[in-house]
file my_file.txt (compact mmCIF, N, CA and C atoms)
# COMPACT_ATOMS: atom_id res chain seq x y z
N MET A 599 -63.01 1.88 -34.15
CA MET A 599 -63.42 1.54 -32.81
C MET A 599 -64.87 1.96 -32.60
N THR A 600 -65.37 1.61 -31.46
CA THR A 600 -66.73 2.03 -31.11
C THR A 600 -66.67 3.03 -29.96
N ALA A 601 -67.76 3.72 -29.74
CA ALA A 601 -67.82 4.72 -28.68
C ALA A 601 -67.62 4.09 -27.31
N LEU A 602 -67.09 4.86 -26.39
CA LEU A 602 -66.84 4.39 -25.03
C LEU A 602 -68.15 4.03 -24.32
N ALA A 603 -68.07 2.99 -23.48
CA ALA A 603 -69.20 2.59 -22.64
C ALA A 603 -68.79 2.60 -21.17
N ALA A 604 -67.55 3.02 -20.91
CA ALA A 604 -67.01 3.10 -19.56
C ALA A 604 -65.84 4.07 -19.58
N ASP A 605 -65.41 4.48 -18.38
CA ASP A 605 -64.26 5.36 -18.28
C ASP A 605 -63.02 4.69 -18.85
N LYS A 606 -62.11 5.51 -19.37
CA LYS A 606 -60.88 5.01 -19.97
C LYS A 606 -59.72 5.88 -19.49
N GLU A 607 -58.68 5.26 -19.00
CA GLU A 607 -57.49 6.00 -18.57
C GLU A 607 -56.62 6.31 -19.78
N LEU A 608 -56.20 7.55 -19.90
CA LEU A 608 -55.29 7.95 -20.97
C LEU A 608 -54.00 8.45 -20.37
N SER A 609 -52.92 8.30 -21.09
CA SER A 609 -51.63 8.85 -20.68
C SER A 609 -51.49 10.23 -21.29
N PHE A 610 -50.94 11.15 -20.50
CA PHE A 610 -50.69 12.51 -20.96
C PHE A 610 -49.24 12.85 -20.69
N ARG A 611 -48.71 13.80 -21.43
CA ARG A 611 -47.43 14.40 -21.11
C ARG A 611 -47.51 15.89 -21.43
N GLY A 612 -46.79 16.69 -20.64
CA GLY A 612 -46.88 18.14 -20.78
C GLY A 612 -47.73 18.74 -19.67
N GLU A 613 -47.83 20.05 -19.66
CA GLU A 613 -48.56 20.78 -18.63
C GLU A 613 -50.06 20.79 -18.93
N PRO A 614 -50.90 20.43 -17.95
CA PRO A 614 -52.34 20.38 -18.18
C PRO A 614 -53.01 21.75 -18.19
N CYS A 615 -54.15 21.80 -18.82
CA CYS A 615 -55.01 22.98 -18.81
C CYS A 615 -56.44 22.45 -18.76
N ILE A 616 -57.11 22.61 -17.62
CA ILE A 616 -58.45 22.07 -17.42
C ILE A 616 -59.47 23.21 -17.51
N ARG A 617 -60.52 22.98 -18.26
CA ARG A 617 -61.62 23.94 -18.37
C ARG A 617 -62.93 23.18 -18.14
N GLU A 618 -63.97 23.93 -17.83
CA GLU A 618 -65.30 23.32 -17.67
C GLU A 618 -66.23 23.84 -18.75
N TYR A 619 -67.03 22.93 -19.28
CA TYR A 619 -68.01 23.26 -20.31
C TYR A 619 -69.37 22.74 -19.89
N ALA A 620 -70.44 23.43 -20.27
CA ALA A 620 -71.80 22.99 -19.99
C ALA A 620 -72.05 21.70 -20.76
N ALA A 621 -72.46 20.66 -20.04
CA ALA A 621 -72.66 19.35 -20.65
C ALA A 621 -74.02 19.24 -21.33
N GLY A 622 -74.04 18.54 -22.45
CA GLY A 622 -75.29 18.19 -23.10
C GLY A 622 -75.96 17.08 -22.31
N VAL A 623 -77.04 16.56 -22.81
CA VAL A 623 -77.78 15.49 -22.13
C VAL A 623 -77.18 14.16 -22.56
N ASP A 624 -76.17 13.71 -21.80
CA ASP A 624 -75.42 12.54 -22.19
C ASP A 624 -74.55 12.09 -21.02
N VAL A 625 -73.98 10.89 -21.13
CA VAL A 625 -72.93 10.45 -20.22
C VAL A 625 -71.62 10.69 -20.95
N LEU A 626 -70.76 11.49 -20.36
CA LEU A 626 -69.45 11.76 -20.94
C LEU A 626 -68.42 11.03 -20.08
N TYR A 627 -67.77 10.04 -20.67
CA TYR A 627 -66.85 9.18 -19.92
C TYR A 627 -65.46 9.79 -19.81
N LYS A 628 -64.81 9.52 -18.69
CA LYS A 628 -63.42 9.92 -18.51
C LYS A 628 -62.62 9.32 -19.65
N GLY A 629 -61.78 10.13 -20.28
CA GLY A 629 -60.96 9.67 -21.39
C GLY A 629 -61.59 9.88 -22.75
N ALA A 630 -62.83 10.33 -22.77
CA ALA A 630 -63.53 10.55 -24.04
C ALA A 630 -63.11 11.86 -24.69
N ILE A 631 -63.05 11.86 -26.00
CA ILE A 631 -62.87 13.09 -26.76
C ILE A 631 -64.15 13.90 -26.62
N ILE A 632 -64.01 15.20 -26.34
CA ILE A 632 -65.17 16.06 -26.12
C ILE A 632 -65.22 17.15 -27.19
N MET A 633 -66.44 17.37 -27.67
CA MET A 633 -66.69 18.39 -28.68
C MET A 633 -67.79 19.32 -28.17
N ILE A 634 -67.88 20.50 -28.75
CA ILE A 634 -68.99 21.41 -28.49
C ILE A 634 -69.91 21.32 -29.70
N ASP A 635 -71.20 21.03 -29.43
CA ASP A 635 -72.16 20.89 -30.52
C ASP A 635 -72.67 22.25 -31.00
N ALA A 636 -73.53 22.24 -32.00
CA ALA A 636 -74.05 23.47 -32.59
C ALA A 636 -74.83 24.32 -31.60
N SER A 637 -75.32 23.70 -30.51
CA SER A 637 -76.06 24.44 -29.48
C SER A 637 -75.16 24.98 -28.38
N GLY A 638 -73.86 24.64 -28.43
CA GLY A 638 -72.91 25.14 -27.45
C GLY A 638 -72.68 24.24 -26.26
N TYR A 639 -73.13 22.99 -26.33
CA TYR A 639 -72.97 22.05 -25.20
C TYR A 639 -71.90 21.01 -25.50
N ALA A 640 -71.24 20.55 -24.43
CA ALA A 640 -70.21 19.52 -24.54
C ALA A 640 -70.87 18.17 -24.79
N VAL A 641 -70.38 17.47 -25.81
CA VAL A 641 -70.89 16.15 -26.18
C VAL A 641 -69.71 15.23 -26.46
N ALA A 642 -69.98 13.93 -26.47
CA ALA A 642 -68.95 12.95 -26.80
C ALA A 642 -68.51 13.12 -28.25
N GLY A 643 -67.22 12.96 -28.48
CA GLY A 643 -66.67 13.10 -29.82
C GLY A 643 -67.29 12.12 -30.81
N ALA A 644 -67.51 12.61 -32.01
CA ALA A 644 -68.05 11.80 -33.09
C ALA A 644 -67.71 12.50 -34.40
N ASP A 645 -67.81 11.79 -35.48
CA ASP A 645 -67.59 12.36 -36.81
C ASP A 645 -68.87 13.08 -37.23
N THR A 646 -69.11 14.22 -36.57
CA THR A 646 -70.36 14.96 -36.73
C THR A 646 -70.09 16.39 -37.21
N ALA A 647 -70.84 16.80 -38.22
CA ALA A 647 -70.72 18.17 -38.72
C ALA A 647 -71.18 19.15 -37.64
N SER A 648 -70.69 20.36 -37.71
CA SER A 648 -71.07 21.46 -36.82
C SER A 648 -70.60 21.29 -35.38
N CYS A 649 -69.71 20.35 -35.10
CA CYS A 649 -69.15 20.19 -33.76
C CYS A 649 -67.67 20.56 -33.80
N LYS A 650 -67.16 21.08 -32.68
CA LYS A 650 -65.76 21.49 -32.60
C LYS A 650 -65.09 20.81 -31.42
N TYR A 651 -63.92 20.27 -31.65
CA TYR A 651 -63.13 19.61 -30.61
C TYR A 651 -62.68 20.63 -29.56
N VAL A 652 -62.80 20.25 -28.27
CA VAL A 652 -62.27 21.10 -27.21
C VAL A 652 -61.29 20.39 -26.30
N GLY A 653 -61.30 19.04 -26.27
CA GLY A 653 -60.34 18.35 -25.42
C GLY A 653 -60.79 16.96 -25.04
N ILE A 654 -60.26 16.50 -23.89
CA ILE A 654 -60.51 15.14 -23.42
C ILE A 654 -61.08 15.21 -22.01
N CYS A 655 -62.13 14.46 -21.78
CA CYS A 655 -62.83 14.44 -20.50
C CYS A 655 -61.92 13.89 -19.39
N VAL A 656 -61.82 14.61 -18.26
CA VAL A 656 -60.93 14.18 -17.19
C VAL A 656 -61.65 13.42 -16.07
N GLU A 657 -62.98 13.54 -16.01
CA GLU A 657 -63.75 12.73 -15.07
C GLU A 657 -65.17 12.56 -15.62
N GLN A 658 -65.77 11.41 -15.36
CA GLN A 658 -67.09 11.13 -15.90
C GLN A 658 -68.11 12.19 -15.48
N CYS A 659 -68.99 12.54 -16.40
CA CYS A 659 -70.07 13.49 -16.16
C CYS A 659 -71.34 12.87 -16.72
N ASP A 660 -72.29 12.52 -15.81
CA ASP A 660 -73.54 11.90 -16.24
C ASP A 660 -74.68 12.91 -16.15
N ASN A 661 -75.00 13.50 -17.27
CA ASN A 661 -76.10 14.46 -17.34
C ASN A 661 -77.27 13.86 -18.12
N SER A 662 -77.31 12.52 -18.20
CA SER A 662 -78.34 11.85 -18.99
C SER A 662 -79.74 12.00 -18.40
N GLY A 663 -79.84 12.30 -17.11
CA GLY A 663 -81.15 12.46 -16.49
C GLY A 663 -81.56 13.91 -16.33
N GLY A 664 -80.76 14.83 -16.86
CA GLY A 664 -81.06 16.25 -16.67
C GLY A 664 -81.32 16.95 -17.99
N SER A 665 -81.19 18.25 -17.94
CA SER A 665 -81.33 19.09 -19.12
C SER A 665 -79.95 19.59 -19.52
N ALA A 666 -79.78 19.89 -20.79
CA ALA A 666 -78.51 20.41 -21.27
C ALA A 666 -78.11 21.63 -20.44
N GLY A 667 -76.88 21.62 -19.96
CA GLY A 667 -76.36 22.72 -19.16
C GLY A 667 -76.54 22.56 -17.67
N ASP A 668 -77.25 21.53 -17.21
CA ASP A 668 -77.42 21.32 -15.77
C ASP A 668 -76.09 21.04 -15.08
N LEU A 669 -75.20 20.32 -15.75
CA LEU A 669 -73.90 19.98 -15.18
C LEU A 669 -72.80 20.51 -16.08
N ASP A 670 -71.62 20.68 -15.49
CA ASP A 670 -70.42 21.04 -16.26
C ASP A 670 -69.51 19.83 -16.31
N VAL A 671 -68.81 19.68 -17.42
CA VAL A 671 -67.84 18.60 -17.57
C VAL A 671 -66.44 19.21 -17.56
N LYS A 672 -65.52 18.54 -16.86
CA LYS A 672 -64.13 18.99 -16.82
C LYS A 672 -63.39 18.38 -18.00
N VAL A 673 -62.72 19.26 -18.75
CA VAL A 673 -62.07 18.85 -19.99
C VAL A 673 -60.62 19.31 -20.01
N GLU A 674 -59.73 18.39 -20.35
CA GLU A 674 -58.32 18.69 -20.58
C GLU A 674 -58.23 19.32 -21.95
N THR A 675 -57.94 20.62 -22.01
CA THR A 675 -58.01 21.35 -23.28
C THR A 675 -56.67 21.52 -23.98
N GLY A 676 -55.65 20.99 -23.44
CA GLY A 676 -54.36 21.14 -24.11
C GLY A 676 -53.33 21.69 -23.15
N GLY A 677 -53.07 22.96 -23.22
CA GLY A 677 -52.00 23.53 -22.42
C GLY A 677 -50.70 23.47 -23.19
N MET A 678 -49.67 24.04 -22.63
CA MET A 678 -48.39 24.13 -23.31
C MET A 678 -47.82 22.75 -23.62
N GLY A 679 -47.82 22.38 -24.87
CA GLY A 679 -47.22 21.13 -25.31
C GLY A 679 -47.95 19.88 -24.84
N ARG A 680 -49.17 20.01 -24.37
CA ARG A 680 -49.90 18.87 -23.83
C ARG A 680 -50.22 17.87 -24.93
N GLU A 681 -49.91 16.61 -24.66
CA GLU A 681 -50.16 15.53 -25.60
C GLU A 681 -50.89 14.40 -24.89
N ALA A 682 -51.72 13.69 -25.65
CA ALA A 682 -52.43 12.52 -25.13
C ALA A 682 -52.11 11.32 -26.01
N LYS A 683 -52.02 10.16 -25.38
CA LYS A 683 -51.82 8.92 -26.14
C LYS A 683 -53.21 8.45 -26.56
N VAL A 684 -53.49 8.46 -27.85
CA VAL A 684 -54.83 8.20 -28.37
C VAL A 684 -54.88 7.00 -29.31
N ALA A 685 -56.08 6.44 -29.45
CA ALA A 685 -56.32 5.35 -30.40
C ALA A 685 -56.37 5.94 -31.80
N LEU A 686 -55.81 5.22 -32.76
CA LEU A 686 -55.71 5.69 -34.14
C LEU A 686 -56.38 4.73 -35.11
N THR A 687 -56.83 5.29 -36.23
CA THR A 687 -57.32 4.48 -37.34
C THR A 687 -56.83 5.11 -38.64
N SER A 688 -56.45 4.27 -39.60
CA SER A 688 -55.98 4.73 -40.92
C SER A 688 -54.79 5.67 -40.84
N VAL A 689 -53.85 5.39 -39.94
CA VAL A 689 -52.68 6.25 -39.76
C VAL A 689 -51.41 5.44 -39.94
N GLU A 690 -50.40 6.08 -40.51
CA GLU A 690 -49.09 5.45 -40.70
C GLU A 690 -47.99 6.44 -40.34
N GLN A 691 -46.76 6.00 -40.36
CA GLN A 691 -45.62 6.84 -39.95
C GLN A 691 -45.58 8.16 -40.72
N ALA A 692 -45.93 8.14 -41.97
CA ALA A 692 -45.91 9.36 -42.79
C ALA A 692 -46.90 10.41 -42.31
N ASP A 693 -47.83 10.04 -41.44
CA ASP A 693 -48.82 10.99 -40.92
C ASP A 693 -48.32 11.78 -39.71
N VAL A 694 -47.14 11.46 -39.19
CA VAL A 694 -46.60 12.24 -38.07
C VAL A 694 -46.46 13.69 -38.54
N GLY A 695 -47.00 14.60 -37.74
CA GLY A 695 -47.01 16.02 -38.08
C GLY A 695 -48.29 16.46 -38.76
N ALA A 696 -49.16 15.51 -39.08
CA ALA A 696 -50.42 15.83 -39.76
C ALA A 696 -51.56 16.04 -38.77
N VAL A 697 -52.57 16.75 -39.21
CA VAL A 697 -53.78 16.95 -38.42
C VAL A 697 -54.53 15.63 -38.31
N MET A 698 -55.03 15.34 -37.11
CA MET A 698 -55.85 14.16 -36.88
C MET A 698 -57.31 14.59 -36.74
N TYR A 699 -58.21 13.73 -37.21
CA TYR A 699 -59.63 14.03 -37.24
C TYR A 699 -60.40 13.01 -36.40
N ILE A 700 -61.50 13.44 -35.80
CA ILE A 700 -62.26 12.61 -34.87
C ILE A 700 -63.11 11.58 -35.60
N SER A 701 -62.92 10.30 -35.22
CA SER A 701 -63.76 9.21 -35.73
C SER A 701 -64.90 8.94 -34.75
N ASP A 702 -64.55 8.83 -33.46
CA ASP A 702 -65.54 8.64 -32.40
C ASP A 702 -64.95 9.20 -31.11
N ASP A 703 -65.56 8.92 -29.97
CA ASP A 703 -65.11 9.57 -28.73
C ASP A 703 -63.82 9.02 -28.15
N GLN A 704 -63.21 8.04 -28.85
CA GLN A 704 -61.91 7.55 -28.39
C GLN A 704 -60.91 7.32 -29.51
N THR A 705 -61.25 7.71 -30.74
CA THR A 705 -60.40 7.41 -31.89
C THR A 705 -60.25 8.61 -32.81
N VAL A 706 -59.02 8.83 -33.27
CA VAL A 706 -58.76 9.84 -34.29
C VAL A 706 -58.07 9.16 -35.46
N GLY A 707 -58.10 9.80 -36.60
CA GLY A 707 -57.45 9.24 -37.78
C GLY A 707 -57.13 10.32 -38.78
N ASP A 708 -56.59 9.88 -39.92
CA ASP A 708 -56.29 10.86 -40.96
C ASP A 708 -57.59 11.26 -41.67
N LYS A 709 -57.48 12.18 -42.58
CA LYS A 709 -58.66 12.75 -43.23
C LYS A 709 -59.49 11.69 -43.97
N THR A 710 -58.85 10.64 -44.45
CA THR A 710 -59.58 9.61 -45.19
C THR A 710 -60.46 8.76 -44.29
N ALA A 711 -60.23 8.81 -42.97
CA ALA A 711 -60.96 7.96 -42.03
C ALA A 711 -62.27 8.60 -41.57
N THR A 712 -62.51 9.86 -41.97
CA THR A 712 -63.69 10.57 -41.48
C THR A 712 -64.43 11.24 -42.64
N THR A 713 -65.65 11.64 -42.36
CA THR A 713 -66.48 12.32 -43.36
C THR A 713 -66.53 13.82 -43.13
N ASN A 714 -66.65 14.24 -41.86
CA ASN A 714 -66.88 15.64 -41.54
C ASN A 714 -65.63 16.43 -41.17
N ASP A 715 -64.49 15.78 -41.12
CA ASP A 715 -63.21 16.43 -40.89
C ASP A 715 -63.19 17.34 -39.66
N CYS A 716 -63.57 16.78 -38.51
CA CYS A 716 -63.52 17.50 -37.24
C CYS A 716 -62.12 17.33 -36.67
N ALA A 717 -61.30 18.37 -36.77
CA ALA A 717 -59.90 18.31 -36.36
C ALA A 717 -59.76 18.23 -34.84
N ALA A 718 -58.79 17.41 -34.38
CA ALA A 718 -58.56 17.23 -32.95
C ALA A 718 -57.16 17.60 -32.50
N GLY A 719 -56.19 17.55 -33.38
CA GLY A 719 -54.83 17.85 -32.97
C GLY A 719 -53.83 17.38 -34.02
N ILE A 720 -52.57 17.41 -33.63
CA ILE A 720 -51.48 17.04 -34.53
C ILE A 720 -50.83 15.76 -34.02
N LEU A 721 -50.66 14.77 -34.88
CA LEU A 721 -49.97 13.54 -34.51
C LEU A 721 -48.49 13.85 -34.34
N THR A 722 -47.96 13.60 -33.14
CA THR A 722 -46.56 13.92 -32.87
C THR A 722 -45.66 12.69 -32.84
N GLU A 723 -46.26 11.52 -32.61
CA GLU A 723 -45.45 10.29 -32.55
C GLU A 723 -46.36 9.09 -32.79
N LEU A 724 -45.92 8.19 -33.65
CA LEU A 724 -46.65 6.95 -33.90
C LEU A 724 -46.04 5.87 -33.01
N VAL A 725 -46.85 5.29 -32.13
CA VAL A 725 -46.39 4.24 -31.23
C VAL A 725 -46.59 2.88 -31.89
N SER A 726 -47.77 2.71 -32.51
CA SER A 726 -48.10 1.50 -33.26
C SER A 726 -49.15 1.88 -34.29
N ALA A 727 -49.61 0.92 -35.07
CA ALA A 727 -50.62 1.21 -36.09
C ALA A 727 -51.93 1.69 -35.49
N SER A 728 -52.14 1.41 -34.20
CA SER A 728 -53.41 1.79 -33.58
C SER A 728 -53.26 2.71 -32.36
N LEU A 729 -52.06 3.26 -32.13
CA LEU A 729 -51.81 4.09 -30.95
C LEU A 729 -50.76 5.14 -31.27
N GLY A 730 -51.01 6.37 -30.81
CA GLY A 730 -50.03 7.42 -31.04
C GLY A 730 -50.21 8.57 -30.08
N TRP A 731 -49.22 9.47 -30.07
CA TRP A 731 -49.28 10.69 -29.27
C TRP A 731 -49.79 11.81 -30.15
N MET A 732 -50.78 12.55 -29.63
CA MET A 732 -51.37 13.65 -30.37
C MET A 732 -51.30 14.91 -29.53
N LYS A 733 -50.82 15.99 -30.13
CA LYS A 733 -50.85 17.29 -29.46
C LYS A 733 -52.30 17.74 -29.41
N CYS A 734 -52.82 17.92 -28.20
CA CYS A 734 -54.23 18.29 -28.00
C CYS A 734 -54.39 19.78 -28.27
N GLU A 735 -55.07 20.12 -29.34
CA GLU A 735 -55.25 21.51 -29.71
C GLU A 735 -56.71 21.78 -30.00
N PRO A 736 -57.29 22.82 -29.42
CA PRO A 736 -58.65 23.20 -29.79
C PRO A 736 -58.75 23.46 -31.29
N ALA A 737 -59.93 23.28 -31.84
CA ALA A 737 -60.15 23.35 -33.29
C ALA A 737 -59.61 24.61 -33.94
N VAL A 738 -59.72 25.74 -33.28
CA VAL A 738 -59.27 26.99 -33.87
C VAL A 738 -57.77 26.96 -34.14
N ASN A 739 -56.98 26.32 -33.29
CA ASN A 739 -55.53 26.24 -33.49
C ASN A 739 -55.16 25.24 -34.56
N VAL A 740 -55.90 24.14 -34.66
CA VAL A 740 -55.59 23.08 -35.61
C VAL A 740 -55.93 23.51 -37.03
N ALA A 741 -56.98 24.29 -37.20
CA ALA A 741 -57.44 24.68 -38.52
C ALA A 741 -56.36 25.37 -39.34
N SER A 742 -55.46 26.06 -38.67
CA SER A 742 -54.41 26.78 -39.39
C SER A 742 -53.15 25.94 -39.58
N ALA A 743 -53.13 24.72 -39.05
CA ALA A 743 -51.93 23.86 -39.14
C ALA A 743 -51.75 23.30 -40.54

call {"tool": "encode", "arguments": {"input": "my_file.txt", "output": "structure tokens"}}
result
Amino acid sequence: MTALAADKELSFRGEPCIREYAAGVDVLYKGAIIMIDASGYAVAGADTASCKYVGICVEQCDNSGGSAGDLDVKVETGGMGREAKVALTSVEQADVGAVMYISDDQTVGDKTATTNDCAAGILTELVSASLGWMKCEPAVNVASA
């Protein structure tokens, strides 16, 4: 897939946990996968080294006209059993229970679909070849899975 150019509604199940992070100089769309870059700012998800997954953007944050840290972005960080229905690439039924890695700000896939292996969560259910439920877990929790 390609990066988001507009807000996207995602389905969630489980109890929410919302946190705020200092936004980088970017437009972060609702429904986008959010990562923390090497400087400590929230950026749109991408297959980028030195970035760590923190969650999914719950409302658009446009900091494109400001400086990094001028605005905070609200991010769904997981919570007890929190899952999001996400777009998938290079995933099949045998990947249920496996770690998913970020391809772009709206897509995750198996390890073969990415270069930098930025973990986003665990695939809990395959809905179709391009859609599934993923347990939203910050990078520190996924690394040990």

call {"tool": "residues_around", "arguments": {"input": "my_file.txt", "residues": "Val625 (chain A)", "least_positions_apart": "3", "cutoff": "6.5 Å", "atoms": "all atoms listed in the file", "output": "list in words"}}
result
Cys659, Asp660, Asn661 and Ser662 of chain A

call {"tool": "write_last_selection", "arguments": {"input": "my_file.txt", "atoms": "N, CA and C atoms", "output": "PDB file, in the coordinates of the input"}}
result
ATOM      1  N   CYS A 659     -68.990  12.540 -16.400  1.00  0.00           N
ATOM      2  CA  CYS A 659     -70.070  13.490 -16.160  1.00  0.00           C
ATOM      3  C   CYS A 659     -71.340  12.870 -16.720  1.00  0.00           C
ATOM      4  N   ASP A 660     -72.290  12.520 -15.810  1.00  0.00           N
ATOM      5  CA  ASP A 660     -73.540  11.900 -16.240  1.00  0.00           C
ATOM      6  C   ASP A 660     -74.680  12.910 -16.150  1.00  0.00           C
ATOM      7  N   ASN A 661     -75.000  13.500 -17.270  1.00  0.00           N
ATOM      8  CA  ASN A 661     -76.100  14.460 -17.340  1.00  0.00           C
ATOM      9  C   ASN A 661     -77.270  13.860 -18.120  1.00  0.00           C
ATOM     10  N   SER A 662     -77.310  12.520 -18.200  1.00  0.00           N
ATOM     11  CA  SER A 662     -78.340  11.850 -18.990  1.00  0.00           C
ATOM     12  C   SER A 662     -79.740  12.000 -18.400  1.00  0.00           C
TER      13      SER A 662
END

call {"tool": "select_by_dssp", "arguments": {"input": "my_file.txt", "residues": "region 599-736 of chain A", "states": "strand (DSSP E)", "output": "PyMOL selection string"}}
result
chain A and resi 610-611+616-620+625-626+631-634+640-642+650-655+659-660+670-674+681-687+697-702+705-707+717-726+729-734

call {"tool": "residues_around", "arguments": {"input": "my_file.txt", "residues": "Ala666 (chain A)", "least_positions_apart": "4", "cutoff": "6 Å", "atoms": "only N, CA and C atoms", "output": "MDAnalysis selection string"}}
result
chainID A and resid 621:623

call {"tool": "atom_distance", "arguments": {"input": "my_file.txt", "atom1": "atom C of Ala727 (chain A)", "atom2": "CA of Cys649 (chain A)"}}
result
25.3 Å

call {"tool": "closest_residue", "arguments": {"input": "my_file.txt", "among": "A:Ala647, A:Ala692, A:Ala636, A:Val684", "to": "Ser609 (chain A)", "atoms": "all atoms listed in the file"}}
result
A:Val684

call {"tool": "residues_around", "arguments": {"input": "my_file.txt", "residues": "Glu607 (chain A)", "least_positions_apart": "3", "cutoff": "8 Å", "atoms": "only N, CA and C atoms", "output": "compact mmCIF listing (two decimals) with N, CA and C atoms, keeping the file's coordinate frame"}}
result
# COMPACT_ATOMS: atom_id res chain seq x y z
N ALA A 604 -67.55 3.02 -20.91
CA ALA A 604 -67.01 3.10 -19.56
C ALA A 604 -65.84 4.07 -19.58
N PHE A 610 -50.94 11.15 -20.50
CA PHE A 610 -50.69 12.51 -20.96
C PHE A 610 -49.24 12.85 -20.69
N LYS A 628 -64.81 9.52 -18.69
CA LYS A 628 -63.42 9.92 -18.51
C LYS A 628 -62.62 9.32 -19.65
N GLY A 629 -61.78 10.13 -20.28
CA GLY A 629 -60.96 9.67 -21.39
C GLY A 629 -61.59 9.88 -22.75
N ALA A 630 -62.83 10.33 -22.77
CA ALA A 630 -63.53 10.55 -24.04
C ALA A 630 -63.11 11.86 -24.69
N LYS A 683 -52.02 10.16 -25.38
CA LYS A 683 -51.82 8.92 -26.14
C LYS A 683 -53.21 8.45 -26.56

call {"tool": "residues_near_point", "arguments": {"input": "my_file.txt", "point": "(-60.2, 17.9, -21.1)", "cutoff": "8 Å", "atoms": "only C-alpha atoms", "output": "MDAnalysis selection string"}}
result
chainID A and resid 615:617 631:632 652:656 672:676

call {"tool": "write_last_selection", "arguments": {"input": "my_file.txt", "atoms": "N, CA and C atoms", "output": "PDB file, in the frame of the given file"}}
result
ATOM      1  N   CYS A 615     -54.150  21.800 -18.820  1.00  0.00           N
ATOM      2  CA  CYS A 615     -55.010  22.980 -18.810  1.00  0.00           C
ATOM      3  C   CYS A 615     -56.440  22.450 -18.760  1.00  0.00           C
ATOM      4  N   ILE A 616     -57.110  22.610 -17.620  1.00  0.00           N
ATOM      5  CA  ILE A 616     -58.450  22.070 -17.420  1.00  0.00           C
ATOM      6  C   ILE A 616     -59.470  23.210 -17.510  1.00  0.00           C
ATOM      7  N   ARG A 617     -60.520  22.980 -18.260  1.00  0.00           N
ATOM      8  CA  ARG A 617     -61.620  23.940 -18.370  1.00  0.00           C
ATOM      9  C   ARG A 617     -62.930  23.180 -18.140  1.00  0.00           C
ATOM     10  N   ILE A 631     -63.050  11.860 -26.000  1.00  0.00           N
ATOM     11  CA  ILE A 631     -62.870  13.090 -26.760  1.00  0.00           C
ATOM     12  C   ILE A 631     -64.150  13.900 -26.620  1.00  0.00           C
ATOM     13  N   ILE A 632     -64.010  15.200 -26.340  1.00  0.00           N
ATOM     14  CA  ILE A 632     -65.170  16.060 -26.120  1.00  0.00           C
ATOM     15  C   ILE A 632     -65.220  17.150 -27.190  1.00  0.00           C
ATOM     16  N   VAL A 652     -62.800  20.250 -28.270  1.00  0.00           N
ATOM     17  CA  VAL A 652     -62.270  21.100 -27.210  1.00  0.00           C
ATOM     18  C   VAL A 652     -61.290  20.390 -26.300  1.00  0.00           C
ATOM     19  N   GLY A 653     -61.300  19.040 -26.270  1.00  0.00           N
ATOM     20  CA  GLY A 653     -60.340  18.350 -25.420  1.00  0.00           C
ATOM     21  C   GLY A 653     -60.790  16.960 -25.040  1.00  0.00           C
ATOM     22  N   ILE A 654     -60.260  16.500 -23.890  1.00  0.00           N
ATOM     23  CA  ILE A 654     -60.510  15.140 -23.420  1.00  0.00           C
ATOM     24  C   ILE A 654     -61.080  15.210 -22.010  1.00  0.00           C
ATOM     25  N   CYS A 655     -62.130  14.460 -21.780  1.00  0.00           N
ATOM     26  CA  CYS A 655     -62.830  14.440 -20.500  1.00  0.00           C
ATOM     27  C   CYS A 655     -61.920  13.890 -19.390  1.00  0.00           C
ATOM     28  N   VAL A 656     -61.820  14.610 -18.260  1.00  0.00           N
ATOM     29  CA  VAL A 656     -60.930  14.180 -17.190  1.00  0.00           C
ATOM     30  C   VAL A 656     -61.650  13.420 -16.070  1.00  0.00           C
ATOM     31  N   LYS A 672     -65.520  18.540 -16.860  1.00  0.00           N
ATOM     32  CA  LYS A 672     -64.130  18.990 -16.820  1.00  0.00           C
ATOM     33  C   LYS A 672     -63.390  18.380 -18.000  1.00  0.00           C
ATOM     34  N   VAL A 673     -62.720  19.260 -18.750  1.00  0.00           N
ATOM     35  CA  VAL A 673     -62.070  18.850 -19.990  1.00  0.00           C
ATOM     36  C   VAL A 673     -60.620  19.310 -20.010  1.00  0.00           C
ATOM     37  N   GLU A 674     -59.730  18.390 -20.350  1.00  0.00           N
ATOM     38  CA  GLU A 674     -58.320  18.690 -20.580  1.00  0.00           C
ATOM     39  C   GLU A 674     -58.230  19.320 -21.950  1.00  0.00           C
ATOM     40  N   THR A 675     -57.940  20.620 -22.010  1.00  0.00           N
ATOM     41  CA  THR A 675     -58.010  21.350 -23.280  1.00  0.00           C
ATOM     42  C   THR A 675     -56.670  21.520 -23.980  1.00  0.00           C
ATOM     43  N   GLY A 676     -55.650  20.990 -23.440  1.00  0.00           N
ATOM     44  CA  GLY A 676     -54.360  21.140 -24.110  1.00  0.00           C
ATOM     45  C   GLY A 676     -53.330  21.690 -23.150  1.00  0.00           C
TER      46      GLY A 676
END

call {"tool": "residues_around", "arguments": {"input": "my_file.txt", "residues": "Val689 (chain A)", "least_positions_apart": "4", "cutoff": "7 Å", "atoms": "only N, CA and C atoms", "output": "number ranges by chain"}}
result
A: 693, 707-708, 727

call {"tool": "axis_aligned_box", "arguments": {"input": "my_file.txt", "around": "region 684-688 of chain A", "padding_each_side": "6 Å", "output": "AutoDock Vina command-line options"}}
result
--center_x -55.4 --center_y 6.4 --center_z -34.4 --size_x 15.8 --size_y 16.2 --size_z 25.1

call {"tool": "select_by_dssp", "arguments": {"input": "my_file.txt", "residues": "region 667-742 of chain A", "states": "alpha helix (DSSP H)", "output": "list of chain:residue names"}}
result
A:Ala737, A:Val738, A:Asn739, A:Val740

call {"tool": "write_last_selection", "arguments": {"input": "my_file.txt", "atoms": "N, CA and C atoms", "output": "short mmCIF file (atom, residue, chain, number, x, y, z; two decimals), in the coordinates of the input"}}
result
data_model
loop_
_atom_site.label_atom_id
_atom_site.label_comp_id
_atom_site.auth_asym_id
_atom_site.auth_seq_id
_atom_site.Cartn_x
_atom_site.Cartn_y
_atom_site.Cartn_z
N ALA A 737 -59.93 23.28 -31.84
CA ALA A 737 -60.15 23.35 -33.29
C ALA A 737 -59.61 24.61 -33.94
N VAL A 738 -59.72 25.74 -33.28
CA VAL A 738 -59.27 26.99 -33.87
C VAL A 738 -57.77 26.96 -34.14
N ASN A 739 -56.98 26.32 -33.29
CA ASN A 739 -55.53 26.24 -33.49
C ASN A 739 -55.16 25.24 -34.56
N VAL A 740 -55.90 24.14 -34.66
CA VAL A 740 -55.59 23.08 -35.61
C VAL A 740 -55.93 23.51 -37.03
#
